[in-house]
Amino acid sequence: MKIEIKKEDAEIPTASMADIAFLLIVFFMLTTVFSANRGMEHVLPPKDETNDAIEPDEAIYIHIFPSGQFEMDKTSYTIDQVEQVYSYVNQKVQVNAKKPIIVHTNREAQYGDMVAILDQLKLLQVHMKQELAITIPSKEEAKRYEDFN
Amino acid sequence: MRVKKTKMLEAVIPTASMADIAFLLIVFFMISTVFQVDKTPVKLPASDKDNRIDVVKDSAFVVIREDRTIKVSDGIEESALVNLEDVGVHASSWMQKNPNKPVVIKADAAANYGLVDDVLEHLRNAGVTNLKFLTEQGTTQ
């Protein structure tokens with residue numbers, strides 16, 4: 001008598017595949033953060049170089065006030081006219097690319113205003129494909145600039 | 001003559017492509033997921049898109065909110081609340097491990113510059129040189 005062996009088909013169970021997939025979707029949906037992860041670069045000078053502070057009269061001196069106004073080489077502007085920074089500085093650095101630019105922000109001013117001005121300077125830097133000498137003065141330097149005015 | 005009964009069509013939602021759709025979504029979320037060290041909501045200042053550089057992975061974060069609270073993170077652990085005076089201590093320890101470690105300033109646009117200035121002073125004294133101001137894309141106007 002011949003015995004017939006019934007062969008079982010090898011199969012991977014796929015019924016729960018969609019469940020696993022949806023579990024993973026939920027996990028990644030919850031952990032995803034669409035966040036701002038880009039910003040403007042600024043290089044701070046090494047600590048021991050603070051002695052050779054720049055004189056405000058040989059630099060482009062930008063002073064930002066709490067009222068949302070700023071002064072650039074003794075001319076007043078409001079923060080809406082921030083594009084003036086680009087054209088004015090552009091005109092100056094065409095003559096002397098090494099001209100220092102001091103961004104002195106009043107302690108009561110808004111951080112956003114300072115970034116708006118820095119943005120214009122960095123933009124000019126990108127367009128000129130050249131590093132500009134942008135300085136954010138330390139407290140000590142800032143005090144000297146305040147006395148200067 | 002008897003009228004034949006109308007044959008009812010069974011309503012079926014096709015589910016064969018369900019798994020494909022699910023996997024597509026998984027891949028999308030896997031790629032777009034960023035495990036962020038800091039999730040503090042702040043209104044970032046805007047800057048032009050040409051200026052913006054990607055924040056390097058493992059950068060240290062200093063978060064300044066409008067209500068004058070400060071949070072720091074070394075880029076690996078979650079950000080934690082600190083006092084202004086402790087920013088320098090944290091920054092010094094980062095610099096000891098890696099003197100070129102980038103530090104990201106994530107400050108609210110409406111924050112007082114005085115506080116940002118104080119933080120910058122602490123970072124400067126700790127020897128931080130590689131600094132980034134986190135911004136949002138947009139024109140300044």
# chains A, B, ... in the order shown; residues from 1 in each chain; ligands from 1

$ closest_atom_pairs --of "chain B" --to "chain A" --cutoff "8 Å" --atoms "only C-alpha atoms" --output "CSV"
residue,atom,partner,partner_atom,distance
B:Met18,CA,A:Ala18,CA,7.2
B:Ala19,CA,A:Ala18,CA,5.2
B:Ala22,CA,A:Ala21,CA,5.8
B:Phe23,CA,A:Ala21,CA,6.2
B:Leu25,CA,A:Ile25,CA,6.5
B:Ile26,CA,A:Ile25,CA,5.0
B:Phe29,CA,A:Phe28,CA,5.4
B:Met30,CA,A:Phe28,CA,6.2
B:Ser32,CA,A:Thr32,CA,6.7
B:Thr33,CA,A:Thr32,CA,4.4
B:Val34,CA,A:Thr32,CA,6.2
B:Phe35,CA,A:Thr31,CA,7.3
B:Gln36,CA,A:Val33,CA,7.4
B:Leu44,CA,A:Gly112,CA,7.9
B:Pro45,CA,A:Gly112,CA,5.2
B:Ala46,CA,A:Ala116,CA,7.2
B:Ser47,CA,A:Asp119,CA,5.6
B:Asp48,CA,A:Asp119,CA,6.7
B:Asp50,CA,A:Leu123,CA,6.8
B:Asn51,CA,A:Leu123,CA,5.8
B:Arg52,CA,A:Gly39,CA,4.7
B:Ile53,CA,A:Arg38,CA,5.2
B:Asp54,CA,A:Arg38,CA,4.4
B:Val55,CA,A:Arg38,CA,5.2
B:Ala107,CA,A:Tyr111,CA,7.7
B:Asp108,CA,A:Tyr111,CA,7.4
B:Ala109,CA,A:Gly112,CA,4.0
B:Ala110,CA,A:Gln110,CA,5.6
B:Ala111,CA,A:Tyr111,CA,5.6
B:Asn112,CA,A:Gln110,CA,5.1
B:Tyr113,CA,A:Tyr111,CA,4.7
B:Gly114,CA,A:Arg107,CA,3.9
B:Leu115,CA,A:Arg107,CA,7.7
B:Val116,CA,A:Tyr111,CA,7.3
B:Asp117,CA,A:Arg107,CA,7.3
B:Glu121,CA,A:Ser138,CA,6.5
B:Arg124,CA,A:Lys47,CA,6.6
B:Asn125,CA,A:Lys47,CA,6.5
B:Gly127,CA,A:Lys47,CA,6.1
B:Val128,CA,A:Leu44,CA,7.1
B:Thr129,CA,A:Leu44,CA,4.5
B:Asn130,CA,A:Val43,CA,5.2
B:Leu131,CA,A:His42,CA,5.2
B:Lys132,CA,A:Glu41,CA,4.4
B:Phe133,CA,A:Met40,CA,5.1
B:Leu134,CA,A:Gly39,CA,4.0
B:Thr135,CA,A:Gly39,CA,4.9
B:Glu136,CA,A:Ala36,CA,6.2
B:Thr140,CA,A:Ala116,CA,6.1
B:Gln141,CA,A:Asp80,CA,7.1

$ select_by_dssp --residues "stretch 66-116 of chain B" --states "strand (DSSP E or B)" --output "PyMOL selection string"
chain B and resi 70-73+80-82+103-107+112

$ write_last_selection --atoms "N, CA and C atoms" --output "JSON list (two decimals), in the first residue's frame"
[["chain", "number", "residue", "atom", "x", "y", "z"],
["B", 70, "ILE", "N", 15.75, 80.47, 30.58],
["B", 70, "ILE", "CA", 16.84, 79.98, 29.75],
["B", 70, "ILE", "C", 16.92, 78.46, 29.88],
["B", 71, "LYS", "N", 17.11, 77.80, 28.75],
["B", 71, "LYS", "CA", 17.28, 76.36, 28.75],
["B", 71, "LYS", "C", 18.56, 76.04, 28.00],
["B", 72, "VAL", "N", 19.27, 75.03, 28.45],
["B", 72, "VAL", "CA", 20.46, 74.61, 27.71],
["B", 72, "VAL", "C", 20.42, 73.11, 27.45],
["B", 73, "SER", "N", 21.09, 72.71, 26.37],
["B", 73, "SER", "CA", 21.23, 71.30, 26.06],
["B", 73, "SER", "C", 22.59, 71.11, 25.41],
["B", 80, "ALA", "N", 17.28, 71.55, 29.49],
["B", 80, "ALA", "CA", 16.79, 71.72, 30.85],
["B", 80, "ALA", "C", 16.92, 73.18, 31.27],
["B", 81, "LEU", "N", 16.05, 73.59, 32.16],
["B", 81, "LEU", "CA", 16.07, 74.97, 32.65],
["B", 81, "LEU", "C", 17.31, 75.24, 33.48],
["B", 82, "VAL", "N", 17.93, 76.40, 33.26],
["B", 82, "VAL", "CA", 19.08, 76.78, 34.07],
["B", 82, "VAL", "C", 19.01, 78.27, 34.41],
["B", 103, "VAL", "N", 27.53, 76.15, 18.94],
["B", 103, "VAL", "CA", 26.49, 76.48, 19.90],
["B", 103, "VAL", "C", 25.39, 77.25, 19.18],
["B", 104, "VAL", "N", 24.17, 76.80, 19.35],
["B", 104, "VAL", "CA", 23.04, 77.42, 18.66],
["B", 104, "VAL", "C", 22.24, 78.26, 19.65],
["B", 105, "ILE", "N", 22.01, 79.53, 19.28],
["B", 105, "ILE", "CA", 21.18, 80.40, 20.10],
["B", 105, "ILE", "C", 19.77, 80.35, 19.54],
["B", 106, "LYS", "N", 18.85, 79.84, 20.32],
["B", 106, "LYS", "CA", 17.46, 79.78, 19.88],
["B", 106, "LYS", "C", 16.68, 80.74, 20.77],
["B", 107, "ALA", "N", 16.57, 81.97, 20.30],
["B", 107, "ALA", "CA", 15.95, 82.99, 21.14],
["B", 107, "ALA", "C", 14.69, 83.53, 20.48],
["B", 112, "ASN", "N", 14.35, 90.18, 25.18],
["B", 112, "ASN", "CA", 15.13, 91.36, 25.48],
["B", 112, "ASN", "C", 16.58, 91.11, 25.08]]

$ atom_distance --atom1 "atom CA of B:Arg65" --atom2 "atom CA of A:Thr135"
24.2 Å
